[in-house]
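Below is work_28.cif, which holds mmCIF, C-alpha atoms.
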```cif
data_structure
#
loop_
_atom_site.label_atom_id
_atom_site.label_comp_id
_atom_site.auth_asym_id
_atom_site.auth_seq_id
_atom_site.Cartn_x
_atom_site.Cartn_y
_atom_site.Cartn_z
CA MET A 439 -6.61 -105.22 47.23
CA ARG A 440 -9.92 -106.95 46.49
CA SER A 441 -8.30 -110.35 46.09
CA ALA A 442 -6.11 -109.68 49.15
CA TYR A 443 -9.29 -109.13 51.16
CA ASP A 444 -10.88 -112.25 49.62
CA ALA A 445 -7.85 -114.31 50.71
CA LEU A 446 -8.33 -113.45 54.40
CA ASP A 447 -9.94 -116.00 56.67
CA THR A 448 -13.42 -115.30 58.02
CA ALA A 449 -12.21 -114.47 61.54
CA ARG A 450 -9.80 -111.83 60.23
CA LYS A 451 -12.48 -110.35 57.94
CA ASP A 452 -14.88 -110.15 60.87
CA TRP A 453 -12.28 -108.49 63.12
CA LEU A 454 -11.34 -105.92 60.46
CA ALA A 455 -14.95 -105.18 59.43
CA ASP A 456 -15.41 -102.06 61.57
CA LYS A 457 -11.78 -101.01 62.08
CA LEU A 458 -10.52 -97.58 61.12
CA VAL A 459 -6.96 -96.87 60.07
CA VAL A 460 -5.01 -93.62 60.29
CA HIS A 461 -3.28 -92.79 57.00
CA ASP A 462 -0.39 -90.42 57.62
CA PHE A 463 1.94 -89.04 54.93
CA ALA A 464 4.46 -87.92 57.57
CA TYR A 465 4.50 -91.43 59.09
CA SER A 466 5.11 -93.15 55.77
CA HIS A 467 7.79 -90.71 54.69
CA GLY A 468 9.42 -90.61 58.10
CA LYS A 469 10.24 -94.32 58.06
CA SER A 470 13.38 -94.00 55.96
CA ALA A 471 14.20 -90.31 56.42
CA ASP A 472 12.41 -87.13 57.34
CA LEU A 473 11.16 -86.31 53.86
CA THR A 474 8.39 -84.01 54.99
CA THR A 475 8.60 -80.31 55.69
CA ASP A 476 6.46 -78.49 58.23
CA ALA A 477 4.40 -77.09 55.35
CA GLU A 478 3.83 -80.58 53.92
CA ARG A 479 2.74 -81.92 57.31
CA VAL A 480 0.23 -79.06 57.65
CA ALA A 481 -1.05 -79.51 54.08
CA LEU A 482 -1.30 -83.31 54.42
CA PRO A 483 -2.63 -84.05 57.90
CA PRO A 484 -3.44 -87.61 58.96
CA VAL A 485 -6.84 -88.89 57.81
CA VAL A 486 -8.96 -91.81 58.97
CA HIS A 487 -10.47 -94.40 56.61
CA PRO A 488 -12.06 -97.82 57.08
CA VAL A 489 -9.58 -100.69 56.79
CA VAL A 490 -12.14 -102.47 54.61
CA ARG A 491 -13.76 -100.40 51.89
CA ILE A 492 -16.68 -101.29 49.67
CA HIS A 493 -16.44 -100.31 46.01
CA GLU A 494 -19.45 -98.14 45.13
CA GLU A 495 -20.07 -99.68 41.70
CA THR A 496 -19.24 -103.35 42.29
CA GLY A 497 -20.04 -103.79 45.97
CA ARG A 498 -16.77 -105.72 46.39
CA LYS A 499 -14.80 -105.34 49.58
CA SER A 500 -11.10 -104.51 49.51
CA LEU A 501 -8.35 -103.69 51.95
CA PHE A 502 -7.39 -100.03 52.24
CA VAL A 503 -3.88 -100.30 53.67
CA GLY A 504 -0.39 -99.55 52.43
CA ARG A 505 2.67 -97.58 53.42
CA HIS A 506 0.68 -94.54 54.54
CA ALA A 507 -1.35 -96.65 57.00
CA SER A 508 0.09 -95.74 60.39
CA HIS A 509 -2.10 -97.60 62.89
CA ILE A 510 -5.59 -98.85 63.65
CA VAL A 511 -7.71 -96.52 65.75
CA GLY A 512 -8.30 -97.83 69.27
CA GLU A 513 -5.73 -100.62 69.02
CA ASP A 514 -2.20 -100.86 70.37
CA VAL A 515 -0.13 -98.80 67.94
CA GLU A 516 2.80 -101.21 67.57
CA ARG A 517 0.62 -104.33 67.30
CA SER A 518 -1.65 -102.66 64.76
CA ARG A 519 1.35 -101.47 62.74
CA SER A 520 2.61 -105.04 62.66
CA LEU A 521 -0.80 -106.24 61.44
CA LEU A 522 -0.96 -103.51 58.78
CA ARG A 523 2.52 -104.48 57.53
CA GLU A 524 1.42 -108.12 57.42
CA LEU A 525 -1.73 -107.25 55.46
CA THR A 526 0.23 -105.07 53.02
CA GLU A 527 2.99 -107.65 52.53
CA SER A 528 0.44 -110.41 51.97
CA ALA A 529 -1.45 -108.25 49.47
CA CYS A 530 1.75 -107.70 47.51
CA GLN A 531 2.50 -111.36 46.77
CA PRO A 532 1.86 -113.35 43.62
CA PRO A 533 -0.63 -113.72 42.08
CA ARG A 534 -1.76 -110.28 43.30
CA ILE A 535 1.05 -108.25 41.72
CA PHE A 536 1.56 -106.79 38.30
CA THR A 537 4.74 -105.22 36.98
CA HIS A 538 4.28 -103.20 33.84
CA ARG A 539 7.04 -103.44 31.23
CA TRP A 540 6.88 -100.02 29.63
CA GLN A 541 6.93 -99.51 25.89
CA VAL A 542 6.64 -96.28 23.93
CA GLY A 543 3.03 -95.13 23.78
CA ASP A 544 1.80 -97.14 26.76
CA LEU A 545 -1.08 -95.87 28.84
CA VAL A 546 -1.77 -97.38 32.25
CA ILE A 547 -4.99 -96.76 34.15
CA TRP A 548 -5.95 -98.11 37.57
CA ASP A 549 -8.65 -97.64 40.15
CA ASN A 550 -6.92 -95.98 43.09
CA ARG A 551 -9.69 -97.13 45.42
CA CYS A 552 -8.58 -100.75 45.31
CA VAL A 553 -5.01 -100.95 43.99
CA LEU A 554 -1.65 -100.33 45.64
CA HIS A 555 0.87 -98.87 43.24
CA ARG A 556 4.38 -97.52 43.28
CA GLY A 557 6.98 -96.26 40.89
CA ARG A 558 10.05 -98.35 40.28
CA PRO A 559 13.53 -97.25 39.31
CA TRP A 560 13.96 -96.47 35.62
CA PRO A 561 16.95 -95.46 33.50
CA THR A 562 17.60 -91.80 34.26
CA ASP A 563 18.81 -91.18 30.71
CA GLU A 564 15.34 -92.05 29.33
CA PRO A 565 12.74 -89.30 29.46
CA ARG A 566 9.61 -90.07 31.40
CA ILE A 567 6.39 -88.10 31.26
CA LEU A 568 3.55 -88.66 33.68
CA PHE A 569 0.10 -87.13 33.43
CA ARG A 570 -2.19 -87.76 36.36
CA THR A 571 -5.92 -87.49 35.98
CA THR A 572 -8.27 -87.95 38.91
CA VAL A 573 -11.92 -88.67 38.28
CA ALA A 574 -14.18 -87.45 41.07
CA CYS A 575 -17.32 -89.32 41.94
CA ASP A 576 -20.81 -87.85 41.65
CA ASP A 577 -21.12 -87.32 45.41
CA PRO A 578 -21.73 -83.58 45.94
CA ASP A 579 -19.83 -83.76 49.27
CA ASN A 580 -16.70 -85.18 47.62
CA GLU A 581 -13.83 -82.77 48.25
CA TRP A 582 -12.59 -83.20 44.66
CA GLN A 583 -16.01 -82.09 43.40
CA LEU A 584 -16.04 -79.12 45.78
CA SER A 585 -12.66 -77.86 44.54
CA ARG A 586 -13.79 -77.51 40.91
#
```
Transcribe the structure of this file into structure tokens.
Amino acid sequence: MRSAYDALDTARKDWLADKLVVHDFAYSHGKSADLTTDAERVALPPVVHPVVRIHEETGRKSLFVGRHASHIVGEDVERSRSLLRELTESACQPPRIFTHRWQVGDLVIWDNRCVLHRGRPWPTDEPRILFRTTVACDDPDNEWQLSR
């Protein structure tokens, strides 16, 4: 998402600089079918994030969009959804994509702050084990830190 941001023209970067986007699990899962229960919608309410985020360690800017991004705050919902789809589709074009070809013993690590990712279909007769580890930052107000 860093290189996707870098590829934007200056006018688009300037326009997006202070925009906020609503990320909504129910929106993203409601596109193809209602995959959310009432309990899931309560547990995963919409949240607001900047469209452009700055990586704490590198200072690099990146887009923070994807399928959960519902709309831009203060903008026409349908027009902003169209823009968010355009940004996401552009971000997911060569050379900004990577498809991992799994082999036994592989370990894949990514920085969730600046990478879009998704699972792909795999042979259902092959076992698959996933362990997720989330590393919380040192910020004492970080909700991951508070839940320890």
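Once Thr571 of chain A and its same-chain neighbours fewer than 4 positions away are set aside, Val546, Ile547, Trp548, Asp549, Asn550 and Trp582 of chain A remain within 12 Å of it when counting all atoms listed in the file.
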Any chance you can output those residues with C-alpha atoms as an mmCIF file, in the coordinates of the input?
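The resulting file, result.cif, is shown below:
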```
data_model
loop_
_atom_site.group_PDB
_atom_site.id
_atom_site.type_symbol
_atom_site.label_atom_id
_atom_site.label_comp_id
_atom_site.auth_asym_id
_atom_site.auth_seq_id
_atom_site.Cartn_x
_atom_site.Cartn_y
_atom_site.Cartn_z
ATOM 1 C CA VAL A 546 -1.770 -97.380 32.250
ATOM 2 C CA ILE A 547 -4.990 -96.760 34.150
ATOM 3 C CA TRP A 548 -5.950 -98.110 37.570
ATOM 4 C CA ASP A 549 -8.650 -97.640 40.150
ATOM 5 C CA ASN A 550 -6.920 -95.980 43.090
ATOM 6 C CA TRP A 582 -12.590 -83.200 44.660
#
```
Chain and number of each residue from the PyMOL selection byres ((chain A and resi 446-460) around 10), as a ChimeraX atom specification
/A:441-445,461-463,465,484-491,499,501-503,506-513,518-519,522,525,528-529
Write the residues you've just listed into a file as a PDB file, keeping the file's coordinate frame, and include C-alpha atoms for each of them.
```pdb
ATOM      1  CA  SER A 441      -8.300-110.350  46.090  1.00  0.00           C
ATOM      2  CA  ALA A 442      -6.110-109.680  49.150  1.00  0.00           C
ATOM      3  CA  TYR A 443      -9.290-109.130  51.160  1.00  0.00           C
ATOM      4  CA  ASP A 444     -10.880-112.250  49.620  1.00  0.00           C
ATOM      5  CA  ALA A 445      -7.850-114.310  50.710  1.00  0.00           C
ATOM      6  CA  HIS A 461      -3.280 -92.790  57.000  1.00  0.00           C
ATOM      7  CA  ASP A 462      -0.390 -90.420  57.620  1.00  0.00           C
ATOM      8  CA  PHE A 463       1.940 -89.040  54.930  1.00  0.00           C
ATOM      9  CA  TYR A 465       4.500 -91.430  59.090  1.00  0.00           C
ATOM     10  CA  PRO A 484      -3.440 -87.610  58.960  1.00  0.00           C
ATOM     11  CA  VAL A 485      -6.840 -88.890  57.810  1.00  0.00           C
ATOM     12  CA  VAL A 486      -8.960 -91.810  58.970  1.00  0.00           C
ATOM     13  CA  HIS A 487     -10.470 -94.400  56.610  1.00  0.00           C
ATOM     14  CA  PRO A 488     -12.060 -97.820  57.080  1.00  0.00           C
ATOM     15  CA  VAL A 489      -9.580-100.690  56.790  1.00  0.00           C
ATOM     16  CA  VAL A 490     -12.140-102.470  54.610  1.00  0.00           C
ATOM     17  CA  ARG A 491     -13.760-100.400  51.890  1.00  0.00           C
ATOM     18  CA  LYS A 499     -14.800-105.340  49.580  1.00  0.00           C
ATOM     19  CA  LEU A 501      -8.350-103.690  51.950  1.00  0.00           C
ATOM     20  CA  PHE A 502      -7.390-100.030  52.240  1.00  0.00           C
ATOM     21  CA  VAL A 503      -3.880-100.300  53.670  1.00  0.00           C
ATOM     22  CA  HIS A 506       0.680 -94.540  54.540  1.00  0.00           C
ATOM     23  CA  ALA A 507      -1.350 -96.650  57.000  1.00  0.00           C
ATOM     24  CA  SER A 508       0.090 -95.740  60.390  1.00  0.00           C
ATOM     25  CA  HIS A 509      -2.100 -97.600  62.890  1.00  0.00           C
ATOM     26  CA  ILE A 510      -5.590 -98.850  63.650  1.00  0.00           C
ATOM     27  CA  VAL A 511      -7.710 -96.520  65.750  1.00  0.00           C
ATOM     28  CA  GLY A 512      -8.300 -97.830  69.270  1.00  0.00           C
ATOM     29  CA  GLU A 513      -5.730-100.620  69.020  1.00  0.00           C
ATOM     30  CA  SER A 518      -1.650-102.660  64.760  1.00  0.00           C
ATOM     31  CA  ARG A 519       1.350-101.470  62.740  1.00  0.00           C
ATOM     32  CA  LEU A 522      -0.960-103.510  58.780  1.00  0.00           C
ATOM     33  CA  LEU A 525      -1.730-107.250  55.460  1.00  0.00           C
ATOM     34  CA  SER A 528       0.440-110.410  51.970  1.00  0.00           C
ATOM     35  CA  ALA A 529      -1.450-108.250  49.470  1.00  0.00           C
TER      36      ALA A 529
END
```
For the file shown, what are the residues hit by the PyMOL selection byres ((chain A and resi 558) around 12), laid out as an mmCIF file with C-alpha atoms, in the frame of the given file?
```cif
data_model
loop_
_atom_site.group_PDB
_atom_site.id
_atom_site.type_symbol
_atom_site.label_atom_id
_atom_site.label_comp_id
_atom_site.auth_asym_id
_atom_site.auth_seq_id
_atom_site.Cartn_x
_atom_site.Cartn_y
_atom_site.Cartn_z
ATOM 1 C CA THR A 537 4.740 -105.220 36.980
ATOM 2 C CA HIS A 538 4.280 -103.200 33.840
ATOM 3 C CA ARG A 539 7.040 -103.440 31.230
ATOM 4 C CA TRP A 540 6.880 -100.020 29.630
ATOM 5 C CA HIS A 555 0.870 -98.870 43.240
ATOM 6 C CA ARG A 556 4.380 -97.520 43.280
ATOM 7 C CA GLY A 557 6.980 -96.260 40.890
ATOM 8 C CA PRO A 559 13.530 -97.250 39.310
ATOM 9 C CA TRP A 560 13.960 -96.470 35.620
ATOM 10 C CA PRO A 561 16.950 -95.460 33.500
ATOM 11 C CA THR A 562 17.600 -91.800 34.260
#
```
The distance between atom CA of Ser500 of chain A and atom CA of Ile535 of chain A is 14.9 Å
Looking at A:Val480, A:Val553, A:Gly543, A:Val515, which one is nearest to Leu568 of chain A, with distances taken over all atoms listed in the file?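 That would be A:Gly543, the residue with the smallest distance to Leu568 of chain A.
For the residues A:Arg570, A:Phe536, A:Ala464, A:Arg498, ranking by smallest atom-to-atom distance to Asp476 of chain A using only C-alpha atoms places A:Ala464 first.
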| Looking at A:Cys552, A:Met439, A:Ser466, A:Leu482, which one is nearest to Cys530 of chain A, with distances taken over all atoms listed in the file? |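 Smallest distance to Cys530 of chain A is found for A:Met439.
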Computed gap from atom CA of Gln531 of chain A to atom CA of Glu516 of chain A is 23.1 Å
Which residues come within 12 Å of Val542 of chain A, counting only C-alpha atoms, excluding same-chain residues fewer than 4 positions away, as a list in words?
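That gives Val546, Glu564, Pro565, Arg566 and Ile567 of chain A.
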Dump as a short mmCIF file (atom, residue, chain, number, x, y, z; two decimals), in the frame of the given file, selection limited to C-alpha atoms:
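out.cif was written with the following content:
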```
data_model
loop_
_atom_site.label_atom_id
_atom_site.label_comp_id
_atom_site.auth_asym_id
_atom_site.auth_seq_id
_atom_site.Cartn_x
_atom_site.Cartn_y
_atom_site.Cartn_z
CA VAL A 546 -1.77 -97.38 32.25
CA GLU A 564 15.34 -92.05 29.33
CA PRO A 565 12.74 -89.30 29.46
CA ARG A 566 9.61 -90.07 31.40
CA ILE A 567 6.39 -88.10 31.26
#
```
- Query: Any idea what the distance is between atom CA of Ser520 of chain A and atom CA of Arg534 of chain A?
  - Reply: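 Separating atom CA of Ser520 of chain A from atom CA of Arg534 of chain A is a distance of 20.5 Å.
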Using all atoms of segment 547-564 of chain A that appear in the file, construct an axis-aligned enclosing box with 4 Å of padding on every side and provide its centre coordinates and edge lengths in Å, rounded to one decimal, as AutoDock Vina command-line options.
```
--center_x 4.6 --center_y -96.1 --center_z 37.5 --size_x 36.5 --size_y 17.8 --size_z 24.3
```
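Comparing A:Pro483, A:Asp514, A:Gly504, A:Gln541 by their smallest distance to Thr526 of chain A, the closest is A:Gly504 (using all atoms listed in the file).
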Check: When distances are computed from all atoms listed in the file, which of A:Arg523, A:Asp563, A:Thr572, A:Arg551 shows the smallest separation from Glu495 of chain A?
Finding: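 Ranking A:Arg523, A:Asp563, A:Thr572, A:Arg551 by distance to Glu495 of chain A, first place goes to A:Arg551.
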